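Undergrad: Just so it is clear, I am handing over upload_25.cif, which has mmCIF, C-alpha atoms.
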```cif
data_target
#
loop_
_atom_site.group_PDB
_atom_site.id
_atom_site.type_symbol
_atom_site.label_atom_id
_atom_site.label_comp_id
_atom_site.auth_asym_id
_atom_site.auth_seq_id
_atom_site.Cartn_x
_atom_site.Cartn_y
_atom_site.Cartn_z
ATOM 1 C CA MET A 28 -31.003 -21.010 26.612
ATOM 2 C CA ASP A 29 -29.520 -17.758 25.400
ATOM 3 C CA ASN A 30 -26.829 -17.960 27.996
ATOM 4 C CA LEU A 31 -25.880 -21.466 27.034
ATOM 5 C CA GLY A 32 -25.576 -20.434 23.387
ATOM 6 C CA SER A 33 -23.145 -17.632 24.105
ATOM 7 C CA THR A 34 -21.088 -19.877 26.398
ATOM 8 C CA THR A 35 -20.484 -22.370 23.606
ATOM 9 C CA ASN A 36 -19.673 -19.550 21.214
ATOM 10 C CA GLN A 37 -17.090 -18.359 23.697
ATOM 11 C CA GLU A 38 -15.663 -21.871 23.916
ATOM 12 C CA ILE A 39 -15.352 -22.099 20.152
ATOM 13 C CA ILE A 40 -13.641 -18.743 19.907
ATOM 14 C CA LYS A 41 -11.294 -19.618 22.756
ATOM 15 C CA ASP A 42 -10.159 -22.547 20.644
ATOM 16 C CA TRP A 43 -9.726 -20.217 17.715
ATOM 17 C CA VAL A 44 -7.393 -18.018 19.750
ATOM 18 C CA TYR A 45 -5.030 -20.987 19.968
ATOM 19 C CA THR A 46 -5.594 -22.213 16.436
ATOM 20 C CA TYR A 47 -5.495 -18.920 14.512
ATOM 21 C CA GLY A 48 -3.930 -16.453 16.983
ATOM 22 C CA ASN A 49 -0.392 -16.773 15.641
ATOM 23 C CA TYR A 50 -1.475 -16.557 12.018
ATOM 24 C CA LEU A 51 -3.533 -13.418 12.611
ATOM 25 C CA PHE A 52 -0.813 -11.843 14.717
ATOM 26 C CA SER A 53 1.934 -12.324 12.168
ATOM 27 C CA TRP A 54 -0.368 -10.956 9.459
ATOM 28 C CA ALA A 55 -1.151 -7.864 11.538
ATOM 29 C CA TYR A 56 2.458 -7.420 12.583
ATOM 30 C CA HIS A 57 3.621 -7.548 8.991
ATOM 31 C CA LYS A 58 1.073 -4.882 8.000
ATOM 32 C CA THR A 59 1.579 -2.519 10.937
ATOM 33 C CA GLY A 60 5.205 -3.086 11.927
ATOM 34 C CA ASN A 61 4.328 -2.752 15.593
ATOM 35 C CA ARG A 62 3.904 -5.602 18.111
ATOM 36 C CA GLU A 63 1.611 -3.771 20.489
ATOM 37 C CA VAL A 64 -0.665 -2.508 17.741
ATOM 38 C CA ALA A 65 -0.778 -5.995 16.207
ATOM 39 C CA GLU A 66 -1.702 -7.581 19.577
ATOM 40 C CA ASP A 67 -4.451 -5.032 20.133
ATOM 41 C CA LEU A 68 -5.852 -5.587 16.667
ATOM 42 C CA VAL A 69 -5.905 -9.361 17.119
ATOM 43 C CA GLN A 70 -7.653 -8.954 20.459
ATOM 44 C CA GLU A 71 -10.262 -6.714 18.828
ATOM 45 C CA VAL A 72 -10.799 -9.347 16.144
ATOM 46 C CA PHE A 73 -11.625 -12.065 18.661
ATOM 47 C CA LEU A 74 -13.893 -9.792 20.673
ATOM 48 C CA ALA A 75 -15.723 -8.807 17.490
ATOM 49 C CA ALA A 76 -15.955 -12.489 16.586
ATOM 50 C CA VAL A 77 -17.719 -13.285 19.872
ATOM 51 C CA LYS A 78 -20.143 -10.431 19.356
ATOM 52 C CA ASN A 79 -20.918 -11.191 15.736
ATOM 53 C CA PHE A 80 -20.737 -14.949 15.883
ATOM 54 C CA ASP A 81 -24.132 -15.201 14.182
ATOM 55 C CA GLY A 82 -22.623 -13.484 11.168
ATOM 56 C CA PHE A 83 -20.211 -16.389 10.756
ATOM 57 C CA GLN A 84 -21.478 -18.779 8.165
ATOM 58 C CA GLU A 85 -20.108 -22.250 8.034
ATOM 59 C CA LYS A 86 -19.545 -21.946 4.309
ATOM 60 C CA SER A 87 -16.456 -19.822 4.846
ATOM 61 C CA SER A 88 -13.648 -21.145 6.994
ATOM 62 C CA PRO A 89 -13.052 -19.519 10.404
ATOM 63 C CA LYS A 90 -9.625 -18.452 9.172
ATOM 64 C CA THR A 91 -11.069 -16.571 6.188
ATOM 65 C CA TRP A 92 -13.757 -14.994 8.321
ATOM 66 C CA LEU A 93 -11.324 -13.849 11.016
ATOM 67 C CA LEU A 94 -8.897 -12.512 8.421
ATOM 68 C CA LYS A 95 -11.664 -10.438 6.889
ATOM 69 C CA ILE A 96 -12.435 -8.903 10.269
ATOM 70 C CA LEU A 97 -8.729 -8.298 10.848
ATOM 71 C CA ASN A 98 -8.283 -6.545 7.498
ATOM 72 C CA ASN A 99 -11.133 -4.210 8.372
ATOM 73 C CA LYS A 100 -9.470 -3.493 11.712
ATOM 74 C CA ILE A 101 -6.156 -2.795 9.995
ATOM 75 C CA ILE A 102 -7.830 -0.293 7.639
ATOM 76 C CA ASP A 103 -9.527 1.353 10.645
ATOM 77 C CA HIS A 104 -6.177 1.593 12.353
ATOM 78 C CA TYR A 105 -4.611 3.299 9.330
ATOM 79 C CA ARG A 106 -7.583 5.602 9.016
ATOM 80 C CA LYS A 107 -7.146 6.796 12.582
ATOM 81 C CA SER A 108 -3.421 7.425 12.204
ATOM 82 C CA ALA A 109 -3.976 9.065 8.803
ATOM 83 C CA LYS A 110 -6.104 11.737 10.440
ATOM 84 C CA LYS A 111 -3.377 12.526 12.954
ATOM 85 C CA THR A 112 -0.537 12.779 10.465
ATOM 86 C CA LEU A 113 -1.730 15.073 7.686
ATOM 87 C CA HIS A 114 1.452 17.150 8.023
ATOM 88 C CA LEU A 115 3.456 14.119 6.860
ATOM 89 C CA ASP A 116 1.567 14.228 3.555
ATOM 90 C CA ASP A 117 2.933 17.710 2.896
ATOM 91 C CA GLN A 118 6.496 16.720 3.687
ATOM 92 C CA ALA A 119 6.294 13.665 1.473
ATOM 93 C CA PHE A 120 4.659 15.691 -1.298
ATOM 94 C CA GLN A 121 7.493 18.229 -1.216
ATOM 95 C CA PHE A 122 9.972 15.402 -1.359
ATOM 96 C CA THR A 123 8.397 13.855 -4.450
ATOM 97 C CA GLU A 124 8.290 17.335 -6.040
ATOM 98 C CA SER A 125 12.051 17.537 -5.601
ATOM 99 C CA LEU A 126 12.518 14.585 -7.971
ATOM 100 C CA PHE A 127 11.559 16.908 -10.833
ATOM 101 C CA ASN A 128 13.072 20.137 -12.167
ATOM 102 C CA ALA A 129 11.214 23.436 -12.592
ATOM 103 C CA ASN A 130 9.656 22.214 -15.834
ATOM 104 C CA GLY A 131 8.360 19.074 -14.215
ATOM 105 C CA ASN A 132 10.912 16.801 -15.850
ATOM 106 C CA TRP A 133 13.122 14.249 -14.131
ATOM 107 C CA LYS A 134 16.317 15.218 -12.467
ATOM 108 C CA ALA A 135 18.487 12.330 -13.605
ATOM 109 C CA ASN A 136 19.940 10.270 -10.768
ATOM 110 C CA GLY A 137 22.027 7.757 -12.692
ATOM 111 C CA LEU A 138 20.155 4.786 -11.238
ATOM 112 C CA GLU A 139 17.877 4.296 -14.237
ATOM 113 C CA ASP A 140 19.787 1.241 -15.406
ATOM 114 C CA ALA A 141 19.937 -0.446 -12.021
ATOM 115 C CA TRP A 142 16.310 -1.521 -12.323
ATOM 116 C CA SER A 143 16.799 -3.428 -15.528
ATOM 117 C CA ASN A 144 18.230 -6.363 -13.633
ATOM 118 C CA GLU A 145 14.905 -7.092 -12.064
ATOM 119 C CA THR A 146 13.926 -10.508 -13.363
ATOM 120 C CA ASN A 147 14.286 -12.319 -10.061
ATOM 121 C CA LEU A 148 13.835 -9.304 -7.874
ATOM 122 C CA LEU A 149 10.564 -10.368 -6.290
ATOM 123 C CA ASP A 150 11.931 -13.796 -5.368
ATOM 124 C CA ASP A 151 14.631 -12.206 -3.283
ATOM 125 C CA PRO A 152 13.574 -12.137 0.407
ATOM 126 C CA ALA A 153 16.001 -9.267 1.047
ATOM 127 C CA PHE A 154 14.254 -7.143 -1.581
ATOM 128 C CA ASN A 155 10.889 -7.836 -0.027
ATOM 129 C CA ASP A 156 12.283 -6.792 3.356
ATOM 130 C CA VAL A 157 13.325 -3.460 1.865
ATOM 131 C CA MET A 158 9.861 -3.151 0.337
ATOM 132 C CA LYS A 159 8.372 -3.634 3.804
ATOM 133 C CA VAL A 160 10.499 -0.835 5.221
ATOM 134 C CA CYS A 161 9.516 1.439 2.341
ATOM 135 C CA MET A 162 5.820 0.722 2.911
ATOM 136 C CA GLU A 163 6.223 1.658 6.562
ATOM 137 C CA ASP A 164 7.872 4.898 5.459
ATOM 138 C CA LEU A 165 4.845 6.084 3.499
ATOM 139 C CA PRO A 166 2.715 8.729 5.200
ATOM 140 C CA PRO A 167 -0.255 6.847 6.736
ATOM 141 C CA ARG A 168 -2.862 8.370 4.428
ATOM 142 C CA TRP A 169 -0.937 7.357 1.327
ATOM 143 C CA ARG A 170 -0.369 3.898 2.720
ATOM 144 C CA LEU A 171 -4.091 3.653 3.401
ATOM 145 C CA ALA A 172 -4.873 4.483 -0.229
ATOM 146 C CA VAL A 173 -2.378 1.902 -1.493
ATOM 147 C CA ILE A 174 -3.499 -0.802 0.903
ATOM 148 C CA SER A 175 -7.205 -0.280 0.264
ATOM 149 C CA LYS A 176 -6.561 -0.888 -3.394
ATOM 150 C CA TYR A 177 -4.786 -4.193 -2.914
ATOM 151 C CA ILE A 178 -6.065 -5.693 0.289
ATOM 152 C CA PHE A 179 -9.759 -5.736 -0.559
ATOM 153 C CA ASP A 180 -9.629 -5.524 -4.313
ATOM 154 C CA LYS A 181 -12.480 -3.073 -3.919
ATOM 155 C CA GLU A 182 -14.060 -0.932 -6.571
ATOM 156 C CA THR A 183 -12.250 2.371 -6.867
ATOM 157 C CA LEU A 184 -15.387 4.374 -6.190
ATOM 158 C CA GLU A 185 -15.959 2.525 -2.945
ATOM 159 C CA ILE A 186 -12.407 3.217 -1.795
ATOM 160 C CA CYS A 187 -12.774 6.919 -2.586
ATOM 161 C CA GLN A 188 -15.926 7.121 -0.542
ATOM 162 C CA GLU A 189 -14.294 5.393 2.387
ATOM 163 C CA LEU A 190 -11.199 7.577 2.254
ATOM 164 C CA GLU A 191 -13.370 10.634 1.731
ATOM 165 C CA ILE A 192 -11.367 11.765 -1.299
ATOM 166 C CA SER A 193 -12.293 12.521 -4.896
ATOM 167 C CA LYS A 194 -11.397 10.164 -7.734
ATOM 168 C CA THR A 195 -8.775 12.605 -9.029
ATOM 169 C CA ASN A 196 -7.236 12.982 -5.631
ATOM 170 C CA TYR A 197 -7.137 9.202 -5.276
ATOM 171 C CA TRP A 198 -4.938 8.426 -8.265
ATOM 172 C CA GLN A 199 -2.796 11.438 -7.509
ATOM 173 C CA VAL A 200 -2.149 10.038 -4.052
ATOM 174 C CA LEU A 201 -1.314 6.682 -5.648
ATOM 175 C CA HIS A 202 1.068 8.478 -8.023
ATOM 176 C CA ARG A 203 2.891 10.248 -5.187
ATOM 177 C CA ALA A 204 3.034 7.075 -3.125
ATOM 178 C CA LYS A 205 4.560 5.250 -6.080
ATOM 179 C CA LEU A 206 7.181 7.978 -6.581
ATOM 180 C CA LEU A 207 8.124 7.769 -2.922
ATOM 181 C CA LEU A 208 8.364 3.971 -3.038
ATOM 182 C CA LYS A 209 10.546 4.190 -6.140
ATOM 183 C CA LYS A 210 12.856 6.657 -4.430
ATOM 184 C CA CYS A 211 12.991 4.607 -1.247
ATOM 185 C CA LEU A 212 13.854 1.448 -3.189
ATOM 186 C CA GLU A 213 16.532 3.309 -5.123
ATOM 187 C CA ILE A 214 18.148 4.556 -1.938
ATOM 188 C CA ASN A 215 17.916 1.297 0.010
ATOM 189 C CA TRP A 216 18.239 -1.316 -2.668
ATOM 190 C CA PHE A 217 19.631 -0.048 -5.963
ATOM 191 C CA GLY A 218 21.755 2.779 -4.640
ATOM 192 C CA PRO A 219 25.515 2.579 -4.198
ATOM 193 C CA ASN A 220 26.332 1.036 -0.833
ATOM 194 C CA MET B 5 24.028 20.874 -23.558
ATOM 195 C CA ALA B 6 23.746 21.073 -19.785
ATOM 196 C CA LEU B 7 20.360 20.164 -18.318
ATOM 197 C CA THR B 8 20.126 23.549 -16.624
ATOM 198 C CA ASP B 9 21.022 25.514 -19.759
ATOM 199 C CA PRO B 10 18.370 28.222 -20.420
ATOM 200 C CA THR B 11 17.991 27.214 -24.062
ATOM 201 C CA TYR B 12 17.480 23.623 -23.036
ATOM 202 C CA MET B 13 14.922 24.637 -20.408
ATOM 203 C CA ARG B 14 12.968 26.620 -23.038
ATOM 204 C CA LEU B 15 13.052 23.679 -25.395
ATOM 205 C CA GLU B 16 11.789 21.454 -22.615
ATOM 206 C CA LYS B 17 8.890 23.805 -21.987
ATOM 207 C CA ILE B 18 7.785 23.633 -25.612
ATOM 208 C CA MET B 19 8.020 19.846 -25.520
ATOM 209 C CA ASN B 20 5.919 19.773 -22.383
ATOM 210 C CA VAL B 21 3.083 21.637 -24.045
ATOM 211 C CA LEU B 22 2.994 19.076 -26.830
ATOM 212 C CA LEU B 23 3.841 15.904 -25.011
ATOM 213 C CA LEU B 24 3.501 16.372 -21.251
ATOM 214 C CA SER B 25 6.156 16.890 -18.610
ATOM 215 C CA CYS B 26 7.646 13.824 -16.917
ATOM 216 C CA LYS B 27 5.617 14.625 -13.818
ATOM 217 C CA GLU B 28 2.395 14.564 -15.836
ATOM 218 C CA ALA B 29 3.470 11.503 -17.804
ATOM 219 C CA THR B 30 4.250 9.468 -14.683
ATOM 220 C CA SER B 31 0.973 10.534 -13.149
ATOM 221 C CA LEU B 32 -0.874 9.207 -16.226
ATOM 222 C CA ILE B 33 1.112 5.977 -16.005
ATOM 223 C CA GLU B 34 -0.325 5.586 -12.509
ATOM 224 C CA LYS B 35 -3.790 6.748 -13.488
ATOM 225 C CA GLN B 36 -3.980 3.870 -15.968
ATOM 226 C CA TYR B 37 -4.025 1.374 -13.113
ATOM 227 C CA VAL B 38 -7.294 2.779 -11.754
ATOM 228 C CA PHE B 39 -9.025 4.737 -14.517
ATOM 229 C CA PRO B 40 -9.146 4.566 -18.301
ATOM 230 C CA LEU B 41 -7.221 7.350 -20.051
ATOM 231 C CA THR B 42 -8.886 9.690 -22.503
ATOM 232 C CA PHE B 43 -7.842 9.475 -26.134
ATOM 233 C CA LYS B 44 -5.786 12.665 -25.843
ATOM 234 C CA GLU B 45 -4.058 11.457 -22.670
ATOM 235 C CA ARG B 46 -3.290 8.155 -24.330
ATOM 236 C CA TRP B 47 -1.521 9.502 -27.363
ATOM 237 C CA ARG B 48 0.378 12.183 -25.462
ATOM 238 C CA LEU B 49 1.609 9.533 -23.033
ATOM 239 C CA TYR B 50 2.450 7.178 -25.889
ATOM 240 C CA PHE B 51 4.702 9.708 -27.624
ATOM 241 C CA HIS B 52 6.197 11.017 -24.394
ATOM 242 C CA VAL B 53 7.271 7.533 -23.343
ATOM 243 C CA LYS B 54 8.626 6.865 -26.845
ATOM 244 C CA MET B 55 10.910 9.867 -26.559
ATOM 245 C CA CYS B 56 11.740 9.906 -22.860
ATOM 246 C CA VAL B 57 14.094 7.178 -21.688
ATOM 247 C CA VAL B 58 13.595 7.891 -17.991
ATOM 248 C CA CYS B 59 9.808 7.692 -18.199
ATOM 249 C CA ASN B 60 10.065 4.538 -20.239
ATOM 250 C CA VAL B 61 12.153 3.070 -17.435
ATOM 251 C CA TYR B 62 9.677 4.445 -14.899
ATOM 252 C CA ARG B 63 6.875 2.507 -16.563
ATOM 253 C CA HIS B 64 8.749 -0.732 -15.934
ATOM 254 C CA GLN B 65 9.670 0.304 -12.410
ATOM 255 C CA SER B 66 6.046 1.098 -11.735
ATOM 256 C CA LYS B 67 4.984 -2.371 -12.888
ATOM 257 C CA THR B 68 7.635 -3.963 -10.699
ATOM 258 C CA ILE B 69 6.463 -1.966 -7.693
ATOM 259 C CA GLU B 70 2.847 -2.984 -8.442
ATOM 260 C CA LYS B 71 3.901 -6.623 -8.272
ATOM 261 C CA ALA B 72 5.966 -6.038 -5.138
ATOM 262 C CA LEU B 73 2.971 -4.354 -3.503
ATOM 263 C CA ALA B 74 0.660 -7.246 -4.311
ATOM 264 C CA LYS B 75 3.250 -9.553 -2.829
ATOM 265 C CA TRP B 76 3.649 -7.402 0.270
ATOM 266 C CA ILE B 77 -0.105 -7.434 0.874
ATOM 267 C CA ASN B 78 -0.334 -11.202 0.555
ATOM 268 C CA THR B 79 2.610 -11.970 2.783
ATOM 269 C CA GLU B 80 1.638 -13.546 6.053
ATOM 270 C CA GLY B 81 4.679 -12.401 7.931
ATOM 271 C CA SER B 82 7.364 -14.488 9.468
ATOM 272 C CA THR B 83 6.478 -17.588 11.457
ATOM 273 C CA GLU B 84 8.770 -16.301 14.173
ATOM 274 C CA GLU B 85 6.371 -13.471 14.883
ATOM 275 C CA LEU B 86 4.094 -15.237 17.342
ATOM 276 C CA LEU B 87 1.337 -14.082 19.588
ATOM 277 C CA THR B 88 2.825 -14.573 23.056
ATOM 278 C CA PRO B 89 1.095 -17.064 25.389
ATOM 279 C CA LYS B 90 0.521 -14.161 27.747
ATOM 280 C CA ALA B 91 -1.344 -12.201 25.083
ATOM 281 C CA LYS B 92 -3.443 -15.256 24.277
ATOM 282 C CA GLU B 93 -4.427 -15.614 27.946
ATOM 283 C CA ARG B 94 -5.266 -11.931 28.102
ATOM 284 C CA ILE B 95 -7.509 -12.194 25.066
ATOM 285 C CA ILE B 96 -9.300 -15.229 26.509
ATOM 286 C CA GLU B 97 -9.853 -13.391 29.803
ATOM 287 C CA LYS B 98 -11.374 -10.520 27.839
ATOM 288 C CA ILE B 99 -13.653 -12.866 25.925
ATOM 289 C CA LYS B 100 -14.939 -14.324 29.201
ATOM 290 C CA LYS B 101 -15.656 -10.883 30.617
ATOM 291 C CA ASP B 102 -17.521 -9.622 27.586
#
```
Produce structure tokens that represent the structure in this file.

TA:
Amino acid sequence: MDNLGSTTNQEIIKDWVYTYGNYLFSWAYHKTGNREVAEDLVQEVFLAAVKNFDGFQEKSSPKTWLLKILNNKIIDHYRKSAKKTLHLDDQAFQFTESLFNANGNWKANGLEDAWSNETNLLDDPAFNDVMKVCMEDLPPRWRLAVISKYIFDKETLEICQELEISKTNYWQVLHRAKLLLKKCLEINWFGPN
Amino acid sequence: MALTDPTYMRLEKIMNVLLLSCKEATSLIEKQYVFPLTFKERWRLYFHVKMCVVCNVYRHQSKTIEKALAKWINTEGSTEELLTPKAKERIIEKIKKD
């Protein structure tokens, strides 16, 4: 009886590979920027789905359920690469420091006005492409902090616990990440071509 | 007066004690998104932004980036980025084995 149950579960999830595979892959690819990583993550999602099929409740759609698993896998992926790339944090930190003078005030860059023409910015696919590149440029640990905030809409305290950082450290990381994104956008979007 | 002029730098330092440096001000602008500011932080930021054009602009930039981030997170990716048939077969093989 047990055997039969797991066979039908497998059949259902095989169908899901065809129905939701492309959707999950493009989601993962967009978040990781790497085909191989995205394929691996999607594979892990379906394997986890077979294992935890009992946890799937009919009240949520398969798509929502699978996406939730995938988002957890994406965070895990970032967490692993964040541990390996701590030195990138330092480099990026130094870079954001260089935006300010010795007193901690802005070094003017003449691009302050460029941003004012931003009304339709977010509707421009080209701008969103640049944004994607800039996200991929963040050091993994900073990206993890940013993504945790938006992807799960989690309580701040929960995120801090998961990232193993203090509350103060958390918003300081967000601050530095924001400075780096601003600079990246200025260079690649607002800057003189 | 040049921005690197010693007199200017000294003046800046005095201003910073009263009303934050730009580095501190921008960090409070970001803090606001996750934590409430204390009363003292609030008024120092308020007056800093009133007087500092670049930080005032930064506040708008920061909001724009917030929106762009939310959009980035909720983007599904292009429909051209497909899971190859080969990868699908491989996943199904794996499911059978497990």

Undergrad: Run through the PyMOL selection byres ((chain A) within 8 of (chain B)) on the given coordinates and return the selected residues as an MDAnalysis selection string.

TA: chainID A and resid 37 41 44:45 48:50 52:54 56:58 66 70 73:74 77 127 130:133 135 139 142 149 155 158:159 174 177:178 183 198:199 201:202 205 208:209

Undergrad: Can you list, as a list in words, the residues that the PyMOL selection byres ((chain A and resi 106-109) around 12) selects here?

TA: Thr59, Val64, Asn99, Lys100, Ile101, Ile102, Asp103, His104, Tyr105, Lys110, Lys111, Thr112, Leu113, His114, Leu115, Asp116, Leu165, Pro166, Pro167, Arg168, Trp169, Arg170, Leu171, Ala172, Ile174, Ser175, Glu189, Leu190 and Glu191 of chain A

Undergrad: Using only C-alpha atoms, which residues sit within 7 Å of region 43-48 of chain B once same-chain residues fewer than 3 positions away are excluded, as a list in words?

TA: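 Listed by chain and then number, they are Leu23, Leu24, Phe51 and His52 of chain B.
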
Undergrad: Mind pulling up the distance from CA of Thr123 (chain A) to CA of Val160 (chain A)?

TA: 17.7 Å

Undergrad: With distances taken over only C-alpha atoms, which of A:Gly82, A:Gly218, A:Pro152, A:Pro89 is nearest to Thr46 (chain A)?

TA: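 So, comparing all the options, the nearest one is A:Pro89.
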
Undergrad: Rounded to one decimal place, report the CA of Val21 (chain B)-CA of Lys54 (chain B) distance in Å.

TA: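 Taking CA of Val21 (chain B) and CA of Lys54 (chain B), their separation equals 16.0 Å.
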
Undergrad: Work out how far CA of Phe122 (chain A) is from CA of Leu207 (chain A), in Å to one decimal.

TA: 8.0 Å

Undergrad: The PyMOL selection byres ((chain A and resi 90-95) around 8) - which residues does that actually catch in the file I just gave you? List them as a VMD selection string.

TA: chain A and resid 47 51 72 to 73 76 83 87 to 89 96 to 99

Undergrad: Since the input lacks some atoms of region 74-82 of chain B, please model all heavy atoms and print them as an mmCIF file, keeping the file's coordinate frame.

TA:
```cif
data_model
loop_
_atom_site.group_PDB
_atom_site.id
_atom_site.type_symbol
_atom_site.label_atom_id
_atom_site.label_comp_id
_atom_site.auth_asym_id
_atom_site.auth_seq_id
_atom_site.Cartn_x
_atom_site.Cartn_y
_atom_site.Cartn_z
ATOM 1 N N ALA B 74 1.582 -6.120 -4.403
ATOM 2 C CA ALA B 74 0.660 -7.246 -4.311
ATOM 3 C C ALA B 74 1.268 -8.334 -3.439
ATOM 4 O O ALA B 74 0.600 -8.957 -2.624
ATOM 5 C CB ALA B 74 0.330 -7.780 -5.694
ATOM 6 N N LYS B 75 2.566 -8.533 -3.614
ATOM 7 C CA LYS B 75 3.250 -9.553 -2.829
ATOM 8 C C LYS B 75 3.304 -9.162 -1.354
ATOM 9 O O LYS B 75 3.085 -9.977 -0.468
ATOM 10 C CB LYS B 75 4.665 -9.731 -3.385
ATOM 11 C CG LYS B 75 5.359 -10.899 -2.767
ATOM 12 C CD LYS B 75 6.502 -11.393 -3.610
ATOM 13 C CE LYS B 75 7.153 -12.544 -2.877
ATOM 14 N NZ LYS B 75 7.985 -13.363 -3.721
ATOM 15 N N TRP B 76 3.578 -7.894 -1.114
ATOM 16 C CA TRP B 76 3.649 -7.402 0.270
ATOM 17 C C TRP B 76 2.327 -7.622 0.988
ATOM 18 O O TRP B 76 2.272 -8.082 2.118
ATOM 19 C CB TRP B 76 4.018 -5.922 0.270
ATOM 20 C CG TRP B 76 4.153 -5.348 1.640
ATOM 21 C CD1 TRP B 76 5.258 -5.406 2.443
ATOM 22 C CD2 TRP B 76 3.160 -4.633 2.389
ATOM 23 N NE1 TRP B 76 5.010 -4.771 3.637
ATOM 24 C CE2 TRP B 76 3.735 -4.286 3.629
ATOM 25 C CE3 TRP B 76 1.843 -4.256 2.129
ATOM 26 C CZ2 TRP B 76 3.037 -3.578 4.617
ATOM 27 C CZ3 TRP B 76 1.144 -3.550 3.105
ATOM 28 C CH2 TRP B 76 1.735 -3.223 4.325
ATOM 29 N N ILE B 77 1.225 -7.300 0.281
ATOM 30 C CA ILE B 77 -0.105 -7.434 0.874
ATOM 31 C C ILE B 77 -0.403 -8.890 1.222
ATOM 32 O O ILE B 77 -0.988 -9.183 2.251
ATOM 33 C CB ILE B 77 -1.190 -6.904 -0.105
ATOM 34 C CG1 ILE B 77 -1.090 -5.387 -0.241
ATOM 35 C CG2 ILE B 77 -2.594 -7.318 0.334
ATOM 36 C CD1 ILE B 77 -1.551 -4.597 0.933
ATOM 37 N N ASN B 78 0.029 -9.803 0.347
ATOM 38 C CA ASN B 78 -0.334 -11.202 0.555
ATOM 39 C C ASN B 78 0.668 -11.983 1.392
ATOM 40 O O ASN B 78 0.553 -13.187 1.523
ATOM 41 C CB ASN B 78 -0.534 -11.882 -0.799
ATOM 42 C CG ASN B 78 -1.765 -11.349 -1.492
ATOM 43 O OD1 ASN B 78 -2.833 -11.283 -0.892
ATOM 44 N ND2 ASN B 78 -1.619 -10.930 -2.734
ATOM 45 N N THR B 79 1.641 -11.281 1.943
ATOM 46 C CA THR B 79 2.610 -11.970 2.783
ATOM 47 C C THR B 79 2.059 -12.107 4.188
ATOM 48 O O THR B 79 1.509 -11.168 4.746
ATOM 49 C CB THR B 79 3.931 -11.173 2.818
ATOM 50 O OG1 THR B 79 4.403 -11.041 1.484
ATOM 51 C CG2 THR B 79 4.974 -11.882 3.659
ATOM 52 N N GLU B 80 2.203 -13.304 4.733
ATOM 53 C CA GLU B 80 1.638 -13.546 6.053
ATOM 54 C C GLU B 80 2.523 -13.030 7.169
ATOM 55 O O GLU B 80 2.114 -12.912 8.305
ATOM 56 C CB GLU B 80 1.417 -15.045 6.253
ATOM 57 C CG GLU B 80 0.321 -15.578 5.365
ATOM 58 C CD GLU B 80 0.234 -17.081 5.407
ATOM 59 O OE1 GLU B 80 0.893 -17.673 6.276
ATOM 60 O OE2 GLU B 80 -0.470 -17.636 4.568
ATOM 61 N N GLY B 81 3.763 -12.770 6.857
ATOM 62 C CA GLY B 81 4.679 -12.401 7.931
ATOM 63 C C GLY B 81 5.458 -13.620 8.350
ATOM 64 O O GLY B 81 5.141 -14.745 7.971
ATOM 65 N N SER B 82 6.486 -13.393 9.110
ATOM 66 C CA SER B 82 7.364 -14.488 9.468
ATOM 67 C C SER B 82 6.716 -15.383 10.524
ATOM 68 O O SER B 82 5.920 -14.927 11.348
ATOM 69 C CB SER B 82 8.663 -13.896 10.012
ATOM 70 O OG SER B 82 9.153 -14.674 11.058
#
```
